[in-house]
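Here's model.cif, which has mmCIF, C-alpha atoms:
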```
data_my_file
#
loop_
_atom_site.label_atom_id
_atom_site.label_comp_id
_atom_site.auth_asym_id
_atom_site.auth_seq_id
_atom_site.Cartn_x
_atom_site.Cartn_y
_atom_site.Cartn_z
CA MET A 239 87.40 14.99 21.93
CA ASN A 240 84.85 16.71 19.70
CA ASN A 241 82.06 18.88 21.07
CA HIS A 242 79.36 16.54 19.77
CA ILE A 243 80.51 13.77 22.15
CA GLN A 244 81.16 16.19 25.02
CA GLU A 245 77.64 17.62 24.76
CA ALA A 246 76.07 14.13 24.84
CA TYR A 247 77.17 13.75 28.48
CA PRO A 248 75.70 15.71 31.41
CA VAL A 249 77.91 18.27 33.10
CA LYS A 250 77.17 16.93 36.61
CA GLY A 251 74.98 13.80 36.33
CA ARG A 252 75.66 10.20 35.40
CA VAL A 253 75.00 8.01 32.36
CA ILE A 254 73.95 4.46 33.19
CA LEU A 255 73.25 1.52 30.87
CA HIS A 256 71.12 -1.47 31.79
CA ILE A 257 71.90 -4.47 29.59
CA ASP A 258 69.19 -7.13 29.56
CA MET A 259 69.79 -10.31 27.59
CA ASN A 260 66.67 -11.35 25.66
CA ALA A 261 65.25 -14.85 26.35
CA PHE A 262 68.78 -15.61 27.55
CA TYR A 263 68.71 -19.39 28.08
CA CYS A 264 66.91 -20.13 24.81
CA SER A 265 69.08 -17.62 22.94
CA VAL A 266 72.24 -19.35 24.23
CA HIS A 267 71.04 -22.73 22.92
CA GLU A 268 70.19 -21.10 19.59
CA ALA A 269 73.66 -19.53 19.42
CA VAL A 270 75.34 -22.89 20.09
CA GLU A 271 73.10 -25.02 17.81
CA PRO A 272 71.41 -22.67 15.30
CA GLU A 273 70.71 -25.53 12.91
CA ILE A 274 68.33 -27.04 15.49
CA TYR A 275 66.84 -24.04 17.29
CA LYS A 276 67.11 -20.87 15.15
CA GLY A 277 63.72 -19.20 14.66
CA LYS A 278 61.88 -22.13 16.29
CA PRO A 279 59.52 -22.10 19.28
CA THR A 280 61.76 -23.38 22.09
CA ALA A 281 61.49 -23.58 25.86
CA VAL A 282 63.86 -24.47 28.67
CA ALA A 283 61.99 -26.60 31.20
CA GLY A 284 63.34 -27.07 34.69
CA SER A 285 62.37 -30.65 35.40
CA VAL A 286 64.34 -33.86 34.99
CA GLU A 287 61.30 -35.23 33.20
CA LEU A 288 60.73 -32.21 30.99
CA ARG A 289 57.11 -32.94 30.21
CA LYS A 290 56.12 -32.81 33.88
CA GLY A 291 57.87 -29.57 34.72
CA ILE A 292 57.23 -25.89 34.13
CA ILE A 293 58.59 -23.47 31.55
CA VAL A 294 61.65 -21.65 32.93
CA THR A 295 61.91 -19.41 29.84
CA CYS A 296 60.90 -19.56 26.19
CA SER A 297 61.95 -18.07 22.87
CA TYR A 298 60.16 -15.17 21.19
CA PRO A 299 58.53 -17.43 18.55
CA ALA A 300 57.12 -19.48 21.46
CA ARG A 301 55.90 -16.32 23.23
CA ALA A 302 54.08 -15.28 20.06
CA LEU A 303 52.04 -18.50 20.43
CA GLY A 304 50.99 -17.60 24.00
CA ILE A 305 53.60 -19.65 25.87
CA LYS A 306 54.83 -17.98 29.07
CA THR A 307 57.38 -18.46 31.84
CA GLY A 308 55.86 -20.44 34.73
CA MET A 309 53.39 -22.29 32.50
CA LEU A 310 53.13 -26.06 32.87
CA VAL A 311 54.92 -27.89 30.06
CA SER A 312 51.74 -29.87 29.37
CA GLN A 313 49.80 -26.60 28.80
CA ALA A 314 52.55 -25.26 26.55
CA MET A 315 52.56 -28.44 24.46
CA LYS A 316 48.82 -28.08 23.87
CA LEU A 317 49.37 -24.54 22.58
CA CYS A 318 52.31 -25.65 20.43
CA PRO A 319 52.77 -29.38 19.80
CA ASP A 320 56.00 -28.58 17.90
CA LEU A 321 57.56 -26.80 20.89
CA LEU A 322 61.20 -27.88 21.28
CA LEU A 323 61.91 -28.64 24.96
CA ILE A 324 65.47 -28.10 26.15
CA LYS A 325 67.11 -29.38 29.33
CA PRO A 326 68.78 -26.53 31.22
CA ASP A 327 72.57 -26.26 31.05
CA PHE A 328 73.58 -23.68 33.64
CA ASP A 329 77.28 -24.27 33.10
CA LEU A 330 76.80 -23.11 29.52
CA TYR A 331 74.70 -20.09 30.60
CA ARG A 332 77.39 -19.04 33.07
CA GLN A 333 80.03 -19.19 30.32
CA PHE A 334 77.97 -16.88 28.10
CA SER A 335 77.19 -14.64 31.08
CA ARG A 336 80.90 -14.15 31.75
CA ARG A 337 81.48 -13.35 28.08
CA PHE A 338 78.80 -10.68 27.74
CA MET A 339 79.85 -9.08 31.04
CA LYS A 340 83.44 -9.01 29.77
CA ILE A 341 82.30 -7.07 26.70
CA ALA A 342 80.51 -4.55 28.97
CA TYR A 343 83.60 -4.39 31.21
CA SER A 344 85.75 -3.32 28.24
CA TYR A 345 83.81 0.00 28.17
CA SER A 346 83.84 0.72 31.93
CA PRO A 347 85.17 -0.91 35.11
CA LEU A 348 81.86 -0.02 36.80
CA VAL A 349 79.80 -3.09 35.92
CA GLN A 350 77.28 -4.42 38.44
CA ALA A 351 75.92 -7.89 37.71
CA MET A 352 72.31 -8.17 38.86
CA SER A 353 71.73 -11.73 37.73
CA ILE A 354 73.11 -14.18 35.20
CA ASP A 355 71.51 -12.25 32.30
CA GLU A 356 71.53 -8.55 33.25
CA CYS A 357 73.90 -5.86 34.45
CA TYR A 358 74.29 -2.12 34.98
CA VAL A 359 77.22 -0.20 33.47
CA ASP A 360 78.19 3.32 34.54
CA ILE A 361 79.66 4.94 31.40
CA THR A 362 79.89 8.49 32.76
CA GLY A 363 83.69 8.36 32.36
CA SER A 364 83.69 6.47 29.05
CA LYS A 365 83.56 9.44 26.64
CA GLN A 366 86.60 8.11 24.74
CA PHE A 367 84.31 5.44 23.24
CA GLY A 368 81.79 7.95 21.85
CA THR A 369 78.34 9.18 22.87
CA PRO A 370 76.17 7.08 25.22
CA LEU A 371 74.14 5.88 22.20
CA ASP A 372 77.36 5.02 20.34
CA ILE A 373 78.52 2.90 23.30
CA ALA A 374 75.12 1.18 23.71
CA GLY A 375 75.14 0.41 19.97
CA GLN A 376 78.69 -0.94 20.07
CA ILE A 377 77.97 -3.20 23.05
CA GLN A 378 74.76 -4.51 21.50
CA GLN A 379 76.50 -5.13 18.16
CA ARG A 380 79.45 -6.91 19.76
CA ILE A 381 77.18 -9.16 21.83
CA ARG A 382 75.28 -9.94 18.63
CA THR A 383 78.34 -10.66 16.44
CA GLU A 384 80.70 -12.23 19.00
CA LEU A 385 78.15 -14.27 20.95
CA GLN A 386 75.18 -14.43 18.51
CA LEU A 387 72.91 -13.22 21.31
CA PRO A 388 70.21 -10.51 21.31
CA CYS A 389 70.00 -7.93 24.09
CA SER A 390 68.07 -4.78 24.98
CA ILE A 391 69.84 -1.77 26.47
CA GLY A 392 68.38 1.11 28.48
CA VAL A 393 70.25 4.44 28.58
CA ALA A 394 69.38 6.80 31.46
CA PRO A 395 70.74 9.12 34.16
CA ASN A 396 70.23 6.49 36.91
CA LYS A 397 69.77 2.76 37.48
CA LEU A 398 66.01 2.85 37.97
CA LEU A 399 65.32 4.61 34.66
CA ALA A 400 67.92 2.51 32.82
CA LYS A 401 66.14 -0.65 33.98
CA MET A 402 62.75 0.77 32.91
CA ALA A 403 64.21 1.81 29.53
CA SER A 404 65.65 -1.63 28.73
CA ASP A 405 62.15 -3.10 29.05
CA MET A 406 60.68 -0.69 26.48
CA LYS A 407 61.93 -2.39 23.29
CA LYS A 408 62.44 -6.15 23.23
CA PRO A 409 64.19 -7.91 21.62
CA ASN A 410 67.21 -5.97 20.32
CA GLY A 411 66.09 -2.50 21.40
CA ILE A 412 68.02 0.54 22.61
CA SER A 413 65.88 3.04 24.54
CA VAL A 414 66.71 6.35 26.20
CA LEU A 415 64.72 7.46 29.24
CA ARG A 416 65.58 10.91 30.55
CA LYS A 417 64.35 12.47 33.76
CA ARG A 418 62.28 14.96 31.74
CA ASP A 419 60.50 12.02 29.99
CA VAL A 420 59.18 10.53 33.23
CA GLN A 421 56.02 12.62 33.47
CA ARG A 422 55.06 12.01 29.82
CA LEU A 423 55.96 8.31 29.61
CA LEU A 424 55.37 6.95 33.11
CA TRP A 425 52.93 9.02 35.12
CA ASP A 426 49.79 7.61 33.46
CA LYS A 427 50.92 4.02 34.19
CA PRO A 428 49.67 1.97 37.18
CA CYS A 429 52.01 1.92 40.20
CA ALA A 430 52.95 -1.74 39.66
CA TYR A 431 54.49 -0.76 36.30
CA LEU A 432 57.46 0.80 38.12
CA TYR A 433 60.41 -1.49 38.77
CA GLY A 434 60.59 -2.18 42.52
CA ILE A 435 56.86 -1.84 43.24
CA GLY A 436 55.34 -5.29 43.73
CA ASN A 437 51.67 -6.23 43.59
CA LYS A 438 51.31 -6.09 47.36
CA THR A 439 52.59 -2.50 47.54
CA ALA A 440 50.51 -1.54 44.50
CA GLU A 441 47.36 -2.92 46.17
CA LYS A 442 48.11 -0.97 49.34
CA LEU A 443 48.58 2.21 47.27
CA LYS A 444 45.22 1.59 45.55
CA ARG A 445 43.54 1.41 48.95
CA LEU A 446 45.02 4.86 49.60
CA ASN A 447 43.46 6.01 46.29
CA ILE A 448 46.88 6.19 44.61
CA HIS A 449 46.41 4.35 41.33
CA THR A 450 48.96 5.87 38.93
CA LEU A 451 52.63 6.80 39.15
CA GLY A 452 51.64 10.44 38.63
CA GLN A 453 49.46 10.29 41.74
CA LEU A 454 52.28 8.61 43.67
CA ALA A 455 54.76 11.28 42.51
CA LYS A 456 52.53 13.97 44.02
CA ALA A 457 51.29 12.06 47.09
CA SER A 458 51.49 13.46 50.61
CA ASP A 459 54.86 12.79 52.28
CA THR A 460 53.11 12.38 55.63
CA LEU A 461 50.64 9.80 54.28
CA LEU A 462 53.37 7.76 52.62
CA GLN A 463 55.54 7.81 55.74
CA GLU A 464 52.61 6.75 57.93
CA GLN A 465 51.81 3.82 55.64
CA PHE A 466 55.26 2.71 54.46
CA GLY A 467 57.78 4.14 56.95
CA ILE A 468 61.10 5.19 55.43
CA MET A 469 60.16 3.36 52.21
CA GLY A 470 57.44 5.98 51.62
CA ALA A 471 59.99 8.60 50.59
CA VAL A 472 61.76 6.07 48.32
CA LEU A 473 58.47 5.24 46.56
CA LYS A 474 57.75 8.89 45.89
CA ARG A 475 61.27 9.60 44.63
CA SER A 476 61.10 6.56 42.34
CA ALA A 477 57.79 7.74 40.86
CA ASN A 478 59.58 11.02 40.10
CA GLY A 479 62.38 9.09 38.36
CA GLU A 480 64.95 9.74 41.10
CA ASP A 481 67.53 7.16 42.14
CA ASP A 482 70.98 7.94 43.58
CA SER A 483 72.18 4.35 44.10
CA PRO A 484 75.66 3.81 42.62
CA VAL A 485 76.69 1.14 40.14
CA ASP A 486 78.68 -1.01 42.55
CA PRO A 487 80.96 -3.64 40.97
CA GLU A 488 81.18 -5.45 44.31
CA GLN A 489 77.41 -5.41 44.90
CA GLU A 490 76.79 -9.01 44.02
CA GLN A 491 79.45 -10.26 46.42
CA SER A 492 78.82 -10.93 50.09
CA LYS A 493 75.24 -9.64 50.08
CA SER A 494 73.51 -12.98 49.94
CA ILE A 495 74.09 -16.57 48.95
CA GLY A 496 70.97 -18.38 47.89
CA HIS A 497 69.45 -21.08 45.80
CA THR A 498 65.93 -21.79 44.59
CA THR A 499 64.66 -24.93 42.92
CA THR A 500 61.49 -25.39 40.88
CA LEU A 501 59.75 -28.69 41.61
CA PRO A 502 58.50 -31.00 38.84
CA ALA A 503 55.22 -31.56 40.68
CA ASN A 504 53.45 -29.81 43.56
CA LEU A 505 54.75 -30.91 46.95
CA THR A 506 52.42 -31.09 49.95
CA GLU A 507 54.11 -33.63 52.26
CA ARG A 508 56.24 -32.11 55.02
CA ALA A 509 58.88 -34.88 54.69
CA ASP A 510 59.34 -34.19 50.96
CA ILE A 511 59.53 -30.44 51.54
CA PHE A 512 62.10 -30.83 54.31
CA ARG A 513 64.25 -33.09 52.09
CA VAL A 514 64.39 -30.27 49.53
CA PHE A 515 65.37 -27.83 52.30
CA LEU A 516 68.12 -30.24 53.39
CA ASN A 517 69.62 -30.30 49.90
CA LEU A 518 69.36 -26.52 49.58
CA ALA A 519 70.92 -25.97 53.04
CA ASP A 520 73.76 -28.34 52.15
CA GLN A 521 74.67 -26.45 48.99
CA VAL A 522 74.29 -22.87 50.26
CA GLY A 523 76.33 -23.86 53.33
CA ARG A 524 79.07 -25.24 51.10
CA ARG A 525 79.18 -22.08 49.03
CA LEU A 526 79.26 -19.99 52.21
CA ARG A 527 82.30 -21.89 53.49
CA ARG A 528 84.02 -21.70 50.11
CA GLN A 529 83.83 -17.90 50.30
CA LYS A 530 84.92 -17.94 53.99
CA LEU A 531 81.76 -16.19 55.14
CA MET A 532 79.32 -16.55 58.03
CA ALA A 533 75.55 -16.03 57.80
CA HIS A 534 73.55 -14.09 60.37
CA THR A 535 70.10 -14.47 58.74
CA VAL A 536 68.27 -17.29 56.95
CA GLN A 537 65.48 -16.54 54.47
CA ILE A 538 63.18 -19.05 52.78
CA THR A 539 61.24 -18.56 49.55
CA ILE A 540 58.02 -20.48 48.83
CA ARG A 541 55.98 -20.26 45.63
CA ASP A 542 52.62 -21.92 45.08
CA PRO A 543 51.25 -23.28 41.75
CA ASP A 544 49.57 -19.91 41.06
CA MET A 545 53.05 -18.28 41.14
CA LYS A 546 52.26 -16.44 44.40
CA THR A 547 55.57 -16.08 46.24
CA ILE A 548 56.33 -15.42 49.90
CA THR A 549 59.68 -14.85 51.60
CA ARG A 550 60.22 -15.13 55.35
CA ALA A 551 63.46 -14.53 57.24
CA ALA A 552 64.80 -14.84 60.77
CA LYS A 553 68.06 -13.85 62.46
CA LEU A 554 70.15 -16.68 63.89
CA ASN A 555 71.14 -16.53 67.55
CA VAL A 556 74.73 -17.11 66.50
CA PRO A 557 76.29 -16.57 63.01
CA THR A 558 76.88 -19.90 61.26
CA GLU A 559 78.50 -21.69 58.34
CA ASN A 560 76.89 -25.05 59.19
CA MET A 561 74.31 -26.85 57.11
CA ASP A 562 72.32 -28.13 60.09
CA ASP A 563 71.83 -24.64 61.57
CA ILE A 564 70.62 -23.35 58.18
CA TYR A 565 68.37 -26.39 57.68
CA HIS A 566 66.72 -26.21 61.12
CA MET A 567 66.00 -22.49 60.75
CA ALA A 568 64.52 -23.04 57.26
CA CYS A 569 62.24 -25.78 58.62
CA LYS A 570 61.18 -23.60 61.56
CA LEU A 571 60.35 -20.70 59.22
CA PHE A 572 58.34 -23.07 57.06
CA ASP A 573 56.35 -24.46 60.00
CA ASP A 574 55.71 -20.94 61.31
CA HIS A 575 54.57 -19.39 58.03
CA TRP A 576 53.06 -22.04 55.73
CA LYS A 577 49.79 -23.87 56.19
CA GLU A 578 50.38 -27.62 56.15
CA GLY A 579 49.02 -29.39 53.07
CA MET A 580 49.05 -26.31 50.81
CA PRO A 581 50.77 -27.18 47.49
CA ILE A 582 54.25 -25.84 46.70
CA ARG A 583 55.92 -25.41 43.30
CA LEU A 584 59.24 -23.73 44.24
CA LEU A 585 61.44 -23.61 47.34
CA GLY A 586 64.54 -21.59 48.15
CA ILE A 587 66.99 -20.74 50.91
CA THR A 588 68.96 -17.49 50.96
CA LEU A 589 71.64 -16.64 53.51
CA GLN A 590 71.78 -12.93 54.32
CA ASN A 591 73.76 -10.43 56.45
CA LEU A 592 76.99 -12.18 55.59
CA SER A 593 80.31 -11.34 57.24
CA ASP A 594 83.89 -12.39 56.80
CA LYS A 595 84.55 -15.47 58.89
CA GLN A 596 87.83 -14.19 60.33
CA GLU A 597 86.22 -10.93 61.37
CA THR A 598 83.08 -12.48 62.85
CA ALA A 599 83.12 -12.76 66.61
CA VAL A 600 81.19 -15.99 67.02
CA GLN A 601 79.45 -15.87 70.38
CA LEU A 602 79.46 -19.56 71.08
CA ASP A 603 76.62 -21.14 72.99
CA LEU A 604 77.79 -22.15 76.48
CA PHE A 605 76.88 -25.81 75.92
CA ASP A 606 77.91 -25.86 72.26
CA TYR A 607 81.41 -24.40 72.35
CA GLN A 608 83.08 -27.79 72.83
CA LYS A 609 81.40 -29.12 69.67
CA GLN A 610 82.42 -26.13 67.55
CA PRO A 611 86.02 -27.14 66.64
CA GLY A 612 84.74 -30.64 65.86
CA ARG A 613 82.05 -29.33 63.50
CA GLU A 614 84.59 -27.13 61.75
CA LYS A 615 86.99 -30.05 61.33
CA LEU A 616 84.18 -32.23 59.95
CA ASN A 617 83.11 -29.48 57.51
CA ARG A 618 86.70 -29.15 56.26
CA ALA A 619 87.05 -32.91 55.78
CA LEU A 620 83.73 -33.26 53.91
CA ASP A 621 84.42 -30.21 51.74
CA ALA A 622 87.87 -31.59 50.85
CA LEU A 623 86.32 -34.94 49.85
CA ARG A 624 83.81 -33.19 47.60
CA ASP A 625 86.46 -30.92 46.09
CA LYS A 626 88.44 -34.02 45.14
CA PHE A 627 85.75 -36.55 44.21
CA GLY A 628 82.74 -34.41 43.24
CA GLU A 629 79.62 -33.07 44.92
CA HIS A 630 78.01 -36.52 45.24
CA ALA A 631 80.97 -37.94 47.19
CA VAL A 632 79.29 -37.48 50.56
CA LEU A 633 75.51 -37.44 50.93
CA THR A 634 73.23 -38.23 53.84
CA ALA A 635 70.24 -40.52 53.37
CA GLY A 636 67.91 -37.57 53.95
CA MET A 637 69.19 -35.85 50.80
CA LEU A 638 68.34 -38.65 48.40
CA GLY A 639 65.30 -38.15 46.19
CA ASP A 640 64.19 -37.72 42.60
CA ASP A 641 63.26 -34.04 42.71
CA PRO A 642 65.50 -31.26 41.28
CA SER A 643 66.90 -30.34 44.72
CA SER A 644 69.05 -33.47 44.38
CA LEU A 645 70.37 -32.06 41.09
CA ILE A 646 71.78 -28.85 42.55
CA ARG A 647 75.15 -30.52 43.03
CA ASN A 648 75.33 -30.80 39.24
CA HIS A 649 76.72 -27.47 38.06
CA LYS A 650 75.54 -28.16 34.54
CA GLU A 651 71.91 -28.67 35.47
CA ARG A 652 71.40 -26.71 38.67
CA GLY A 653 69.30 -23.59 38.67
CA THR A 654 70.23 -19.95 38.81
CA SER A 655 71.90 -18.90 42.04
CA LEU A 656 70.88 -15.69 43.67
CA GLN A 657 74.57 -15.09 44.40
CA MET A 658 76.66 -14.70 41.24
CA ASP A 659 79.45 -17.08 42.22
CA HIS A 660 80.74 -17.24 38.65
CA MET A 661 81.39 -13.49 38.69
CA LYS A 662 83.49 -13.92 41.85
CA GLU A 663 85.43 -16.68 40.11
CA ARG A 664 86.05 -14.35 37.16
CA ARG A 665 87.47 -11.68 39.48
CA LEU A 666 89.71 -14.17 41.25
CA GLU A 667 91.04 -15.30 37.86
CA GLU A 668 91.78 -11.68 36.91
CA ASP A 669 93.46 -10.92 40.27
#
```
Take the structure from the file and write it as structure tokens.
Amino acid sequence: MNNHIQEAYPVKGRVILHIDMNAFYCSVHEAVEPEIYKGKPTAVAGSVELRKGIIVTCSYPARALGIKTGMLVSQAMKLCPDLLLIKPDFDLYRQFSRRFMKIAYSYSPLVQAMSIDECYVDITGSKQFGTPLDIAGQIQQRIRTELQLPCSIGVAPNKLLAKMASDMKKPNGISVLRKRDVQRLLWDKPCAYLYGIGNKTAEKLKRLNIHTLGQLAKASDTLLQEQFGIMGAVLKRSANGEDDSPVDPEQEQSKSIGHTTTLPANLTERADIFRVFLNLADQVGRRLRRQKLMAHTVQITIRDPDMKTITRAAKLNVPTENMDDIYHMACKLFDDHWKEGMPIRLLGITLQNLSDKQETAVQLDLFDYQKQPGREKLNRALDALRDKFGEHAVLTAGMLGDDPSSLIRNHKERGTSLQMDHMKERRLEED
């Protein structure tokens, strides 16, 4: 190996890539049908009746006209009457996701999928393929030529800076962000600019007279600990560009199983909202059982029409794999944390603190233990029916409706899962 390549890698540190697919859903449709979509303003809209829904994502020509993710389709059509609306096809997106991850995987076994359209790659041990910039260029070129998709890649000594770097040039950019660049490039930016700092945390920092990342990087350890607990030290380290978290190929497995659905119109009625929760609980429960896991915690996600999002979670008394336990906890969380009558645009359920079913000591409720084998038998029977005849084979009356939560049994049209099931399937195929 020549010295030029050897010198491009740190003696002790790591080299991490963050690959971020640009306008992924729209780009996939353009790759499949360029004669219809290439270079046009396009948008994927999440509703069955596209014109009543919201924009899930849009192409760069559409963005140039002021169209944004989360915008109502009706608003977008006023800005661009020629906007091409596309029905989501998540089966297709998952196929392309597997393919771009496979390209990344050919350069390093350390690939961590973060979502359907982004991943981290640790290339510290990949010197045989060239310098870090050579590898980033090869991956970007292969994704472009083999899949006809654009992507941006960040090159950095850790995951945090790699993620920040991939956002610097879009579309089709490759950016390097070194530790020594942090002060010059990031310290004058507002705190919310840093990946991982949300608006709520940024507002709290402002109240402490910490407005920029430079101020956060130099802030008092005591003050930060008083205000943020153990997260205070993490915030300060992040502002200094420090992040030791490994690229973990297993990260996306067994951490959470979740599903969110965007609603075609604002929901305010409790009965409508609970029907959506029932559909979500049904599907996340099914996925939980498929992976032979038990959930200890249920989290709900609620987003209002102004895109303000809250998440609330609670620990279950007993770990579960059952839809009704998940559903009742979701409804309880909703009643406890959302003001009745306030409009809702998106709902989600995420199961957290998952454990292997065989290893989970289920402390059965004294009055419930007799029902437990019966519930398990029923779950197995219903799952078998659905495996054979499709997801719509067995539905309860409470699940029926015309909102997108009823669509989540359709793998082609259902939304992005928080758990990357398709990556697990890929691994099982390889094993």
Rank A:Gly411, A:Pro543, A:Ala455, A:Leu348 by their smallest atom-to-atom distance to Leu424 (chain A), using only C-alpha atoms, and report the top residue only.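 Once distances to Leu424 (chain A) are computed over only C-alpha atoms, the minimum belongs to A:Ala455.
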Identify which of the residues A:Ile391, A:Ile587, A:Leu255, A:Ile292 lies closest to Phe512 (chain A), counting only C-alpha atoms when measuring atom-to-atom distances.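 Among A:Ile391, A:Ile587, A:Leu255, A:Ile292, it is A:Ile587 that comes nearest to Phe512 (chain A).
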What is the distance, in Å and to one decimal place, between CA of Glu245 (chain A) and CA of Thr362 (chain A)?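 So the two atoms, CA of Glu245 (chain A) and CA of Thr362 (chain A), lie 12.3 Å apart.
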Given all atoms listed in the file as the basis, pick out the residue of A:Phe572, A:His449, A:Gly470, A:Ala552 nearest to Arg508 (chain A). A:Phe572
Report, in Å with one decimal, the straight-line distance from CA of Glu559 (chain A) to CA of Asp355 (chain A). 28.6 Å
For the file shown, report as a ChimeraX atom specification the outcome of the PyMOL selection byres ((chain A and resi 471-479) around 9) at residue level. /A:396,398-399,416-418,420-421,424-425,429,432-435,451-457,459,462-463,466-470,480-481
For Ile381 (chain A), please output as a count of residues only all residues within 10 Å (counting only C-alpha atoms; exclusion window: fewer than 3 positions along the same chain). 17
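From CA of Asp320 (chain A) back to CA of Arg332 (chain A), the distance works out to 27.9 Å.
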Between A:His242, A:Lys408, A:Arg513, A:Lys316, single out the one closest to Gly392 (chain A), counting only C-alpha atoms.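 Closest candidate: A:Lys408.
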Selected residue of minimal separation from Val249 (chain A) among A:Pro557, A:Gly363, A:Gly586, A:Gly496, counting all atoms listed in the file: A:Gly363
From the set A:Pro487, A:Pro347, A:Pro272, A:Pro428, which residue has the shortest atom-to-atom contact distance to Thr450 (chain A), counting only C-alpha atoms? A:Pro428
Skipping near chain neighbours, those fewer than 3 positions away, what residues fall within 10 Å of Gln333 (chain A) using all atoms listed in the file, listed as a list of chain:residue names? A:Val266, A:Phe328, A:Asp329, A:Leu330, A:Arg336, A:Arg337, A:Phe338, A:Ile354, A:His660
I need the output of the PyMOL selection byres ((chain A and resi 511) around 12) for this file as number ranges by chain; which residues are they? A: 499-501, 503-510, 512-518, 540, 565, 568-569, 572-573, 576, 578-586, 636-637, 639, 641-643
Exactly which residues make up the result of the PyMOL selection byres ((chain A and resi 299) around 12) on this file, given as JSON, numbers by chain? {"A": [261, 264, 265, 275, 276, 277, 278, 279, 280, 281, 295, 296, 297, 298, 300, 301, 302, 303, 304, 305, 306, 318, 320, 321, 322, 409]}
Kindly compute an axis-aligned box around the listed atoms of region 262-278 of chain A, allowing 5 Å on each side, and express its centre and edge lengths in Å to one decimal as AutoDock Vina command-line options.
```
--center_x 68.6 --center_y -21.3 --center_z 20.5 --size_x 23.5 --size_y 21.4 --size_z 25.2
```
Could you tell me, as a PyMOL selection string, which residues have any atom at most 12 Å from (88.6, 6.9, 25.7), counting only C-alpha atoms? chain A and resi 239+243-244+344-346+361-369+373
Requested write-out: C-alpha atoms of the selected residues, as a PDB file, in the frame of the given file:
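After the write, result-v3.pdb holds the following:
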```pdb
ATOM      1  CA  MET A 239      87.400  14.990  21.930  1.00  0.00           C
ATOM      2  CA  ILE A 243      80.510  13.770  22.150  1.00  0.00           C
ATOM      3  CA  GLN A 244      81.160  16.190  25.020  1.00  0.00           C
ATOM      4  CA  SER A 344      85.750  -3.320  28.240  1.00  0.00           C
ATOM      5  CA  TYR A 345      83.810   0.000  28.170  1.00  0.00           C
ATOM      6  CA  SER A 346      83.840   0.720  31.930  1.00  0.00           C
ATOM      7  CA  ILE A 361      79.660   4.940  31.400  1.00  0.00           C
ATOM      8  CA  THR A 362      79.890   8.490  32.760  1.00  0.00           C
ATOM      9  CA  GLY A 363      83.690   8.360  32.360  1.00  0.00           C
ATOM     10  CA  SER A 364      83.690   6.470  29.050  1.00  0.00           C
ATOM     11  CA  LYS A 365      83.560   9.440  26.640  1.00  0.00           C
ATOM     12  CA  GLN A 366      86.600   8.110  24.740  1.00  0.00           C
ATOM     13  CA  PHE A 367      84.310   5.440  23.240  1.00  0.00           C
ATOM     14  CA  GLY A 368      81.790   7.950  21.850  1.00  0.00           C
ATOM     15  CA  THR A 369      78.340   9.180  22.870  1.00  0.00           C
ATOM     16  CA  ILE A 373      78.520   2.900  23.300  1.00  0.00           C
TER      17      ILE A 373
END
```
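Residues with any atom within 8 Å of the point (67.9, 3.1, 31.6), counting only C-alpha atoms, are A:Ile254, A:Leu255, A:His256, A:Ile391, A:Gly392, A:Val393, A:Ala394, A:Pro395, A:Asn396, A:Lys397, A:Leu398, A:Leu399, A:Ala400, A:Lys401, A:Met402, A:Ala403, A:Ser404, A:Ser413, A:Val414, A:Leu415.
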